[in-house]
file data17.pdb (PDB, C-alpha atoms)
ATOM      1  CA  MET K1121      18.515 -10.696  -3.768  1.00  0.00           C
ATOM      2  CA  SER K1122      19.351 -12.757  -0.706  1.00  0.00           C
ATOM      3  CA  TRP K1123      15.875 -14.063   0.064  1.00  0.00           C
ATOM      4  CA  ARG K1124      14.164 -16.763  -1.958  1.00  0.00           C
ATOM      5  CA  ILE K1125      11.377 -17.109   0.587  1.00  0.00           C
ATOM      6  CA  MET K1126       8.680 -14.536   1.395  1.00  0.00           C
ATOM      7  CA  PRO K1127       7.263 -13.705   4.830  1.00  0.00           C
ATOM      8  CA  TYR K1128       3.950 -15.549   4.574  1.00  0.00           C
ATOM      9  CA  ARG K1129       4.268 -19.087   5.926  1.00  0.00           C
ATOM     10  CA  SER K1130       2.560 -21.635   8.146  1.00  0.00           C
ATOM     11  CA  VAL K1131       5.158 -23.616  10.045  1.00  0.00           C
ATOM     12  CA  ASP K1132       4.978 -25.928  13.055  1.00  0.00           C
ATOM     13  CA  GLU K1133       8.192 -25.637  15.060  1.00  0.00           C
ATOM     14  CA  HIS K1134       8.140 -29.419  15.493  1.00  0.00           C
ATOM     15  CA  GLU K1135       8.780 -29.649  11.746  1.00  0.00           C
ATOM     16  CA  VAL K1136      11.825 -27.369  11.880  1.00  0.00           C
ATOM     17  CA  ILE K1137      15.346 -28.728  12.423  1.00  0.00           C
ATOM     18  CA  ASN K1138      16.855 -26.278  14.883  1.00  0.00           C
ATOM     19  CA  GLY K1139      20.323 -26.077  16.377  1.00  0.00           C
ATOM     20  CA  LEU K1140      21.863 -29.040  14.557  1.00  0.00           C
ATOM     21  CA  PHE K1141      23.406 -27.843  11.308  1.00  0.00           C
ATOM     22  CA  SER K1142      25.285 -24.856   9.944  1.00  0.00           C
ATOM     23  CA  SER K1143      25.722 -23.941   6.304  1.00  0.00           C
ATOM     24  CA  THR K1144      28.926 -24.803   4.456  1.00  0.00           C
ATOM     25  CA  THR K1145      28.612 -21.546   2.527  1.00  0.00           C
ATOM     26  CA  ALA K1146      27.747 -17.953   3.370  1.00  0.00           C
ATOM     27  CA  ASN K1147      26.814 -14.905   1.332  1.00  0.00           C
ATOM     28  CA  ALA K1148      29.357 -12.081   1.337  1.00  0.00           C
ATOM     29  CA  THR K1149      26.745  -9.682   2.755  1.00  0.00           C
ATOM     30  CA  HIS K1150      23.065  -9.903   3.630  1.00  0.00           C
ATOM     31  CA  LEU K1151      22.308  -7.887   0.483  1.00  0.00           C
ATOM     32  CA  THR K1152      24.010 -10.275  -1.943  1.00  0.00           C
ATOM     33  CA  ALA K1153      22.600 -13.523  -3.286  1.00  0.00           C
ATOM     34  CA  GLY K1154      24.195 -16.945  -3.099  1.00  0.00           C
ATOM     35  CA  ASP K1155      23.942 -20.406  -1.607  1.00  0.00           C
ATOM     36  CA  GLY K1156      23.576 -18.825   1.825  1.00  0.00           C
ATOM     37  CA  ASP K1157      20.150 -17.427   0.916  1.00  0.00           C
ATOM     38  CA  ALA K1158      17.022 -18.075   2.915  1.00  0.00           C
ATOM     39  CA  GLY K1159      14.803 -20.417   0.887  1.00  0.00           C
ATOM     40  CA  VAL K1160      17.568 -22.753  -0.289  1.00  0.00           C
ATOM     41  CA  PHE K1161      16.846 -26.490  -0.333  1.00  0.00           C
ATOM     42  CA  VAL K1162      19.602 -28.401   1.440  1.00  0.00           C
ATOM     43  CA  ARG K1163      21.145 -31.827   2.141  1.00  0.00           C
ATOM     44  CA  ILE K1164      23.247 -33.087   5.048  1.00  0.00           C
ATOM     45  CA  THR K1165      26.994 -33.274   4.449  1.00  0.00           C
ATOM     46  CA  VAL K1166      28.210 -33.808   8.034  1.00  0.00           C
ATOM     47  CA  GLY K1167      26.087 -35.435  10.734  1.00  0.00           C
ATOM     48  CA  ASN K1168      28.526 -36.925  13.216  1.00  0.00           C
ATOM     49  CA  LEU K1169      27.255 -37.019  16.818  1.00  0.00           C
ATOM     50  CA  ASN K1170      30.565 -38.393  18.060  1.00  0.00           C
ATOM     51  CA  THR K1171      32.184 -35.001  17.582  1.00  0.00           C
ATOM     52  CA  ASN K1172      31.630 -31.918  19.703  1.00  0.00           C
ATOM     53  CA  PRO K1173      28.517 -30.031  18.603  1.00  0.00           C
ATOM     54  CA  LEU K1174      30.561 -26.821  18.570  1.00  0.00           C
ATOM     55  CA  SER K1175      34.129 -26.105  17.618  1.00  0.00           C
ATOM     56  CA  TYR K1176      35.876 -22.854  18.432  1.00  0.00           C
ATOM     57  CA  VAL K1177      37.714 -21.202  15.586  1.00  0.00           C
ATOM     58  CA  ASP K1178      40.436 -18.699  16.351  1.00  0.00           C
ATOM     59  CA  GLY K1179      41.246 -15.695  14.264  1.00  0.00           C
ATOM     60  CA  ALA K1180      44.026 -17.307  12.243  1.00  0.00           C
ATOM     61  CA  GLY K1181      42.950 -17.172   8.633  1.00  0.00           C
ATOM     62  CA  ARG K1182      39.351 -16.291   9.518  1.00  0.00           C
ATOM     63  CA  THR K1183      39.337 -12.511   9.416  1.00  0.00           C
ATOM     64  CA  ASP K1184      36.341 -12.868   7.084  1.00  0.00           C
ATOM     65  CA  LEU K1185      34.335 -13.928  10.151  1.00  0.00           C
ATOM     66  CA  ILE K1186      35.613 -11.840  13.033  1.00  0.00           C
ATOM     67  CA  GLY K1187      37.713  -9.046  11.563  1.00  0.00           C
ATOM     68  CA  LYS K1188      41.246  -8.092  12.522  1.00  0.00           C
ATOM     69  CA  VAL K1189      42.826 -10.175  15.267  1.00  0.00           C
ATOM     70  CA  ASP K1190      46.297  -8.657  15.543  1.00  0.00           C
ATOM     71  CA  TYR K1191      45.349  -5.611  17.595  1.00  0.00           C
ATOM     72  CA  PRO K1192      47.075  -4.998  20.944  1.00  0.00           C
ATOM     73  CA  ASP K1193      45.466  -6.524  24.039  1.00  0.00           C
ATOM     74  CA  VAL K1194      43.580  -9.176  22.108  1.00  0.00           C
ATOM     75  CA  GLY K1195      44.559 -12.394  23.846  1.00  0.00           C
ATOM     76  CA  ARG K1196      41.937 -14.746  22.448  1.00  0.00           C
ATOM     77  CA  ASN K1197      39.317 -14.198  19.818  1.00  0.00           C
ATOM     78  CA  PHE K1198      37.391 -17.419  19.332  1.00  0.00           C
ATOM     79  CA  ILE K1199      34.042 -17.903  17.647  1.00  0.00           C
ATOM     80  CA  PRO K1200      31.729 -20.931  17.907  1.00  0.00           C
ATOM     81  CA  VAL K1201      31.038 -22.941  14.759  1.00  0.00           C
ATOM     82  CA  VAL K1202      28.423 -25.697  14.543  1.00  0.00           C
ATOM     83  CA  THR K1203      30.342 -28.756  13.370  1.00  0.00           C
ATOM     84  CA  ASN K1204      27.522 -30.655  11.634  1.00  0.00           C
ATOM     85  CA  LYS K1205      26.869 -29.183   8.210  1.00  0.00           C
ATOM     86  CA  PHE K1206      24.454 -28.947   5.333  1.00  0.00           C
ATOM     87  CA  ASP K1207      25.016 -27.878   1.738  1.00  0.00           C
ATOM     88  CA  VAL K1208      22.748 -27.066  -1.199  1.00  0.00           C
ATOM     89  CA  ALA K1209      20.584 -30.010  -2.235  1.00  0.00           C
ATOM     90  CA  THR K1210      21.315 -31.991  -5.377  1.00  0.00           C
ATOM     91  CA  ASP K1211      19.109 -34.394  -7.302  1.00  0.00           C
ATOM     92  CA  ALA K1212      21.464 -37.214  -6.259  1.00  0.00           C
ATOM     93  CA  ALA K1213      20.996 -36.903  -2.472  1.00  0.00           C
ATOM     94  CA  ARG K1214      18.106 -36.696  -0.025  1.00  0.00           C
ATOM     95  CA  CYS K1215      16.868 -33.169   0.591  1.00  0.00           C
ATOM     96  CA  ILE K1216      16.071 -32.549   4.262  1.00  0.00           C
ATOM     97  CA  GLY K1217      14.273 -29.222   3.907  1.00  0.00           C
ATOM     98  CA  VAL K1218      14.465 -25.529   3.078  1.00  0.00           C
ATOM     99  CA  THR K1219      16.372 -22.865   5.028  1.00  0.00           C
ATOM    100  CA  LEU K1220      14.317 -20.274   6.904  1.00  0.00           C
ATOM    101  CA  ALA K1221      17.198 -17.851   7.512  1.00  0.00           C
ATOM    102  CA  GLN K1222      20.090 -16.460   5.529  1.00  0.00           C
ATOM    103  CA  THR K1223      23.747 -17.172   6.307  1.00  0.00           C
ATOM    104  CA  ALA K1224      25.974 -14.161   5.694  1.00  0.00           C
ATOM    105  CA  LEU K1225      29.413 -12.894   6.664  1.00  0.00           C
ATOM    106  CA  ALA K1226      28.949  -9.142   6.981  1.00  0.00           C
ATOM    107  CA  ASP K1227      26.608  -6.202   6.493  1.00  0.00           C
ATOM    108  CA  GLU K1228      26.754  -3.588   3.754  1.00  0.00           C
ATOM    109  CA  ASN K1229      29.499  -1.743   5.645  1.00  0.00           C
ATOM    110  CA  GLY K1230      31.747  -4.782   5.960  1.00  0.00           C
ATOM    111  CA  VAL K1231      31.009  -5.248   9.679  1.00  0.00           C
ATOM    112  CA  THR K1232      30.867  -8.958  10.462  1.00  0.00           C
ATOM    113  CA  PHE K1233      27.629 -10.173  11.993  1.00  0.00           C
ATOM    114  CA  TYR K1234      29.518 -11.748  14.884  1.00  0.00           C
ATOM    115  CA  ASN K1235      30.346  -8.180  15.860  1.00  0.00           C
ATOM    116  CA  ASP K1236      26.742  -6.987  15.481  1.00  0.00           C
ATOM    117  CA  PRO K1237      24.379  -9.795  16.515  1.00  0.00           C
ATOM    118  CA  ARG K1238      21.431  -7.427  16.958  1.00  0.00           C
ATOM    119  CA  LYS K1239      21.616  -6.383  13.320  1.00  0.00           C
ATOM    120  CA  ALA K1240      21.897 -10.036  12.312  1.00  0.00           C
ATOM    121  CA  GLU K1241      18.713 -10.876  14.202  1.00  0.00           C
ATOM    122  CA  ALA K1242      16.880  -7.837  12.836  1.00  0.00           C
ATOM    123  CA  ASN K1243      17.680  -8.904   9.263  1.00  0.00           C
ATOM    124  CA  GLY K1244      16.959 -12.607   9.690  1.00  0.00           C
ATOM    125  CA  VAL K1245      20.638 -13.472   9.323  1.00  0.00           C
ATOM    126  CA  VAL K1246      22.616 -16.279  10.933  1.00  0.00           C
ATOM    127  CA  PRO K1247      26.340 -15.428  11.181  1.00  0.00           C
ATOM    128  CA  SER K1248      28.547 -17.822   9.236  1.00  0.00           C
ATOM    129  CA  GLY K1249      29.073 -20.984  11.277  1.00  0.00           C
ATOM    130  CA  GLY K1250      25.850 -20.570  13.264  1.00  0.00           C
ATOM    131  CA  ALA K1251      22.977 -23.051  13.372  1.00  0.00           C
ATOM    132  CA  VAL K1252      20.413 -22.403  10.652  1.00  0.00           C
ATOM    133  CA  PRO K1253      16.726 -23.392  11.010  1.00  0.00           C
ATOM    134  CA  VAL K1254      15.698 -25.846   8.272  1.00  0.00           C
ATOM    135  CA  MET K1255      12.000 -26.554   7.690  1.00  0.00           C
ATOM    136  CA  ALA K1256      11.295 -30.163   6.754  1.00  0.00           C
ATOM    137  CA  ARG K1257       7.524 -29.786   6.393  1.00  0.00           C
ATOM    138  CA  GLY K1258       5.126 -26.868   6.251  1.00  0.00           C
ATOM    139  CA  MET K1259       3.695 -24.164   3.999  1.00  0.00           C
ATOM    140  CA  VAL K1260       5.888 -21.336   2.709  1.00  0.00           C
ATOM    141  CA  THR K1261       5.875 -18.743  -0.058  1.00  0.00           C
ATOM    142  CA  LEU K1262       8.754 -19.133  -2.498  1.00  0.00           C
ATOM    143  CA  CYS K1263      10.036 -16.383  -4.778  1.00  0.00           C
ATOM    144  CA  GLU K1264      10.775 -17.165  -8.412  1.00  0.00           C
ATOM    145  CA  THR K1265      14.473 -17.174  -7.478  1.00  0.00           C
ATOM    146  CA  ALA K1266      13.892 -20.433  -5.571  1.00  0.00           C
ATOM    147  CA  PHE K1267      12.988 -22.124  -8.866  1.00  0.00           C
ATOM    148  CA  GLU K1268      15.149 -23.305 -11.725  1.00  0.00           C
ATOM    149  CA  ASP K1269      15.461 -20.527 -14.353  1.00  0.00           C
ATOM    150  CA  ASP K1270      13.163 -18.352 -12.175  1.00  0.00           C
ATOM    151  CA  ALA K1271      10.198 -20.315 -13.585  1.00  0.00           C
ATOM    152  CA  ILE K1272       7.694 -21.133 -10.858  1.00  0.00           C
ATOM    153  CA  GLY K1273       5.806 -24.403 -11.133  1.00  0.00           C
ATOM    154  CA  ALA K1274       2.143 -24.631 -12.089  1.00  0.00           C
ATOM    155  CA  VAL K1275      -0.571 -25.138  -9.492  1.00  0.00           C
ATOM    156  CA  GLY K1276      -0.790 -28.795  -8.481  1.00  0.00           C
ATOM    157  CA  GLU K1277       2.672 -29.716  -9.723  1.00  0.00           C
ATOM    158  CA  ASP K1278       5.108 -31.642  -7.575  1.00  0.00           C
ATOM    159  CA  LEU K1279       8.386 -29.997  -6.639  1.00  0.00           C
ATOM    160  CA  ILE K1280      11.682 -31.782  -7.190  1.00  0.00           C
ATOM    161  CA  ILE K1281      15.287 -30.667  -6.771  1.00  0.00           C
ATOM    162  CA  SER K1282      16.573 -29.102  -9.970  1.00  0.00           C
ATOM    163  CA  ALA K1283      18.916 -31.271 -12.017  1.00  0.00           C
ATOM    164  CA  ASP K1284      20.714 -28.163 -13.282  1.00  0.00           C
ATOM    165  CA  THR K1285      20.983 -25.770 -10.322  1.00  0.00           C
ATOM    166  CA  ASP K1286      21.707 -27.166  -6.862  1.00  0.00           C
ATOM    167  CA  GLY K1287      19.518 -25.823  -4.068  1.00  0.00           C
ATOM    168  CA  LYS K1288      16.627 -24.865  -6.338  1.00  0.00           C
ATOM    169  CA  VAL K1289      13.436 -26.698  -7.278  1.00  0.00           C
ATOM    170  CA  SER K1290      11.508 -27.389 -10.467  1.00  0.00           C
ATOM    171  CA  GLY K1291       7.850 -28.144 -11.028  1.00  0.00           C
ATOM    172  CA  ILE K1292       6.921 -31.532 -12.476  1.00  0.00           C
ATOM    173  CA  ALA K1293       3.522 -32.915 -13.411  1.00  0.00           C
ATOM    174  CA  PHE K1294       1.859 -35.041 -10.730  1.00  0.00           C
ATOM    175  CA  ALA K1295       2.253 -38.784 -11.280  1.00  0.00           C
ATOM    176  CA  ALA K1296      -0.327 -41.047  -9.636  1.00  0.00           C
ATOM    177  CA  ALA K1297       2.136 -43.942  -9.623  1.00  0.00           C
ATOM    178  CA  GLY K1298       4.761 -41.792  -7.906  1.00  0.00           C
ATOM    179  CA  GLN K1299       7.820 -39.950  -9.139  1.00  0.00           C
ATOM    180  CA  SER K1300      11.144 -41.629  -9.857  1.00  0.00           C
ATOM    181  CA  VAL K1301      12.930 -38.966  -7.782  1.00  0.00           C
ATOM    182  CA  GLN K1302      12.333 -37.407  -4.381  1.00  0.00           C
ATOM    183  CA  THR K1303       9.479 -34.919  -4.311  1.00  0.00           C
ATOM    184  CA  VAL K1304       9.941 -32.097  -1.821  1.00  0.00           C
ATOM    185  CA  GLY K1305       6.549 -30.413  -2.053  1.00  0.00           C
ATOM    186  CA  THR K1306       3.540 -29.257  -4.039  1.00  0.00           C
ATOM    187  CA  VAL K1307       2.610 -25.918  -5.618  1.00  0.00           C
ATOM    188  CA  LEU K1308      -0.647 -24.700  -4.043  1.00  0.00           C
ATOM    189  CA  ALA K1309      -1.128 -21.266  -5.592  1.00  0.00           C
ATOM    190  CA  THR K1310       0.824 -18.762  -7.697  1.00  0.00           C
ATOM    191  CA  GLY K1311       0.903 -15.013  -8.209  1.00  0.00           C
ATOM    192  CA  SER K1312       3.083 -12.030  -9.053  1.00  0.00           C
ATOM    193  CA  ARG K1313       4.027  -8.708  -7.513  1.00  0.00           C
ATOM    194  CA  THR K1314       5.445  -5.515  -8.984  1.00  0.00           C
ATOM    195  CA  ALA K1315       8.163  -3.530  -7.250  1.00  0.00           C
ATOM    196  CA  GLY K1316       7.341   0.142  -6.711  1.00  0.00           C
ATOM    197  CA  ASP K1317       9.634   3.115  -7.142  1.00  0.00           C
ATOM    198  CA  THR K1318      12.369   1.412  -5.156  1.00  0.00           C
ATOM    199  CA  ALA K1319      13.898  -2.035  -5.334  1.00  0.00           C
ATOM    200  CA  ASP K1320      11.906  -4.852  -3.749  1.00  0.00           C
ATOM    201  CA  ARG K1321      13.969  -7.695  -2.337  1.00  0.00           C
ATOM    202  CA  PHE K1322      11.226 -10.132  -3.352  1.00  0.00           C
ATOM    203  CA  ALA K1323      10.184  -8.729  -6.762  1.00  0.00           C
ATOM    204  CA  GLY K1324      13.529  -7.232  -7.770  1.00  0.00           C
ATOM    205  CA  ALA K1325      14.561  -3.856  -9.187  1.00  0.00           C
ATOM    206  CA  ALA K1326      12.142  -0.911  -9.218  1.00  0.00           C
ATOM    207  CA  GLY K1327       9.242  -1.449 -11.614  1.00  0.00           C
ATOM    208  CA  THR K1328       9.987  -5.107 -12.305  1.00  0.00           C
ATOM    209  CA  VAL K1329       7.574  -7.996 -11.770  1.00  0.00           C
ATOM    210  CA  GLY K1330       8.445 -11.032  -9.667  1.00  0.00           C
ATOM    211  CA  ASP K1331       6.482 -14.288  -9.555  1.00  0.00           C
ATOM    212  CA  TYR K1332       5.909 -16.299  -6.397  1.00  0.00           C
ATOM    213  CA  ALA K1333       4.191 -19.489  -5.290  1.00  0.00           C
ATOM    214  CA  ILE K1334       2.663 -20.716  -2.047  1.00  0.00           C
ATOM    215  CA  CYS K1335       4.003 -24.258  -1.652  1.00  0.00           C
ATOM    216  CA  TYR K1336       3.472 -27.087   0.762  1.00  0.00           C
ATOM    217  CA  ILE K1337       6.911 -28.489   1.511  1.00  0.00           C
ATOM    218  CA  ASN K1338       7.282 -32.120   2.612  1.00  0.00           C
ATOM    219  CA  CYS K1339      10.793 -33.566   2.729  1.00  0.00           C
ATOM    220  CA  VAL K1340       9.989 -36.219   5.325  1.00  0.00           C
TER     221      VAL K1340
END
call {"tool": "encode", "arguments": {"input": "data17.pdb", "output": "structure tokens"}}
result
Amino acid sequence: MSWRIMPYRSVDEHEVINGLFSSTTANATHLTAGDGDAGVFVRITVGNLNTNPLSYVDGAGRTDLIGKVDYPDVGRNFIPVVTNKFDVATDAARCIGVTLAQTALADENGVTFYNDPRKAEANGVVPSGGAVPVMARGMVTLCETAFEDDAIGAVGEDLIISADTDGKVSGIAFAAAGQSVQTVGTVLATGSRTAGDTADRFAGAAGTVGDYAICYINCV
């Protein structure tokens, strides 16, 4: 499963970081799970405005991104890469938000998304190296896979970055005096859904049950 976030959300675009950061990691395909998933909590690793916002990577050693580059009549084969980066959040660094799109290298047929941008857009995928939208504040629906050990928090609990699995969150009881670590949101409501006769990318394999939670995210 490559999505940890479900479609229902309430997001103000002013609370979304757009065009600034790309992911340091990417899923092998849009059907495989990993740190490139949508719904991953992230931290800044590179934020240098003195460098060019884009660098252009040639094909040398990057056939994973753009395919073969040694065909006849190919003079230049450059791709743009956003130089400022984020990585999965840890409990030792400030979390800036949750990703709203997946970063992936290729589709199920091995065709890189740089070669098929329409399919990337249709599947909510950002090609590796592209700028990923990161929501700092707003309401989203998180799958159980966004939580440590697939255990969603209880209603009213604060959300903190998991100490065991980077990029995921855990529920923790509300503390009136404040938490000793950064809180990134609150669990508003919880539920579950059952996949039908076919696999459900949110619930899982056919016939299985997946939990989810509507959460208010606030990383500001």
call {"tool": "residues_around", "arguments": {"input": "data17.pdb", "residues": "Thr1145 in chain K", "least_positions_apart": "5", "cutoff": "10 Å", "atoms": "all atoms listed in the file", "output": "PyMOL selection string"}}
result
chain K and resi 1154-1157+1205-1208+1223-1225+1248-1249
call {"tool": "write_last_selection", "arguments": {"input": "data17.pdb", "atoms": "C-alpha atoms", "output": "PDB file, in the frame of the given file"}}
result
ATOM      1  CA  GLY K1154      24.195 -16.945  -3.099  1.00  0.00           C
ATOM      2  CA  ASP K1155      23.942 -20.406  -1.607  1.00  0.00           C
ATOM      3  CA  GLY K1156      23.576 -18.825   1.825  1.00  0.00           C
ATOM      4  CA  ASP K1157      20.150 -17.427   0.916  1.00  0.00           C
ATOM      5  CA  LYS K1205      26.869 -29.183   8.210  1.00  0.00           C
ATOM      6  CA  PHE K1206      24.454 -28.947   5.333  1.00  0.00           C
ATOM      7  CA  ASP K1207      25.016 -27.878   1.738  1.00  0.00           C
ATOM      8  CA  VAL K1208      22.748 -27.066  -1.199  1.00  0.00           C
ATOM      9  CA  THR K1223      23.747 -17.172   6.307  1.00  0.00           C
ATOM     10  CA  ALA K1224      25.974 -14.161   5.694  1.00  0.00           C
ATOM     11  CA  LEU K1225      29.413 -12.894   6.664  1.00  0.00           C
ATOM     12  CA  SER K1248      28.547 -17.822   9.236  1.00  0.00           C
ATOM     13  CA  GLY K1249      29.073 -20.984  11.277  1.00  0.00           C
TER      14      GLY K1249
END
call {"tool": "residues_near_point", "arguments": {"input": "data17.pdb", "point": "(17.6, -26.5, 6.7)", "cutoff": "10 Å", "atoms": "all atoms listed in the file", "output": "PyMOL selection string"}}
result
chain K and resi 1136-1138+1140-1143+1158-1164+1205-1208+1215-1221+1251-1256
call {"tool": "resolve_selection", "arguments": {"input": "data17.pdb", "expression": "the PyMOL selection byres ((chain K and resi 1291) around 9)", "output": "VMD selection string"}}
result
chain K and resid 1267 to 1268 1271 to 1274 1277 to 1282 1289 to 1290 1292 to 1293 1306 to 1307
call {"tool": "resolve_selection", "arguments": {"input": "data17.pdb", "expression": "the PyMOL selection byres ((chain K and resi 1329) around 8)", "output": "ChimeraX atom specification"}}
result
/K:1312-1315,1323-1324,1327-1328,1330-1331
call {"tool": "closest_residue", "arguments": {"input": "data17.pdb", "among": "K:Ala1153, K:Val1245, K:Ala1226, K:Leu1174", "to": "Val1201 in chain K", "atoms": "only C-alpha atoms"}}
result
K:Leu1174
call {"tool": "atom_distance", "arguments": {"input": "data17.pdb", "atom1": "CA of Gly1258 in chain K", "atom2": "CA of Ile1337 in chain K"}}
result
5.3 Å
call {"tool": "atom_distance", "arguments": {"input": "data17.pdb", "atom1": "CA of Asp1284 in chain K", "atom2": "CA of Ala1209 in chain K"}}
result
11.2 Å
call {"tool": "residues_near_point", "arguments": {"input": "data17.pdb", "point": "(28.2, -31.7, 12.5)", "cutoff": "6 Å", "atoms": "all atoms listed in the file", "output": "list in words"}}
result
Val1166, Gly1167, Asn1168, Thr1203, Asn1204 and Lys1205 of chain K
call {"tool": "write_last_selection", "arguments": {"input": "data17.pdb", "atoms": "C-alpha atoms", "output": "PDB file, in the frame of the given file"}}
result
ATOM      1  CA  VAL K1166      28.210 -33.808   8.034  1.00  0.00           C
ATOM      2  CA  GLY K1167      26.087 -35.435  10.734  1.00  0.00           C
ATOM      3  CA  ASN K1168      28.526 -36.925  13.216  1.00  0.00           C
ATOM      4  CA  THR K1203      30.342 -28.756  13.370  1.00  0.00           C
ATOM      5  CA  ASN K1204      27.522 -30.655  11.634  1.00  0.00           C
ATOM      6  CA  LYS K1205      26.869 -29.183   8.210  1.00  0.00           C
TER       7      LYS K1205
END
call {"tool": "atom_distance", "arguments": {"input": "data17.pdb", "atom1": "CA of Arg1129 in chain K", "atom2": "CA of Ser1300 in chain K"}}
result
28.4 Å
call {"tool": "residues_around", "arguments": {"input": "data17.pdb", "residues": "Tyr1336 in chain K", "least_positions_apart": "6", "cutoff": "9 Å", "atoms": "all atoms listed in the file", "output": "list in words"}}
result
Arg1257, Gly1258, Met1259, Val1260, Thr1261, Val1304, Gly1305, Thr1306, Val1307 and Leu1308 of chain K
call {"tool": "resolve_selection", "arguments": {"input": "data17.pdb", "expression": "the PyMOL selection byres ((chain K and resi 1149) around 7)", "output": "list in words"}}
result
Asn1147, Ala1148, His1150, Leu1151, Thr1152, Ala1224, Leu1225, Ala1226, Asp1227 and Glu1228 of chain K
call {"tool": "axis_aligned_box", "arguments": {"input": "data17.pdb", "around": "range 1209-1212 of chain K", "padding_each_side": "6 Å", "output": "JSON"}}
result
{"center_x": 20.3, "center_y": -33.6, "center_z": -4.8, "size_x": 14.4, "size_y": 19.2, "size_z": 17.1}
call {"tool": "closest_residue", "arguments": {"input": "data17.pdb", "among": "K:Ala1326, K:Ile1125, K:Ala1213, K:Val1246", "to": "Tyr1234 in chain K", "atoms": "only C-alpha atoms"}}
result
K:Val1246
call {"tool": "closest_residue", "arguments": {"input": "data17.pdb", "among": "K:Asn1338, K:Gln1222, K:Ser1130, K:Thr1210", "to": "Ala1240 in chain K", "atoms": "all atoms listed in the file"}}
result
K:Gln1222
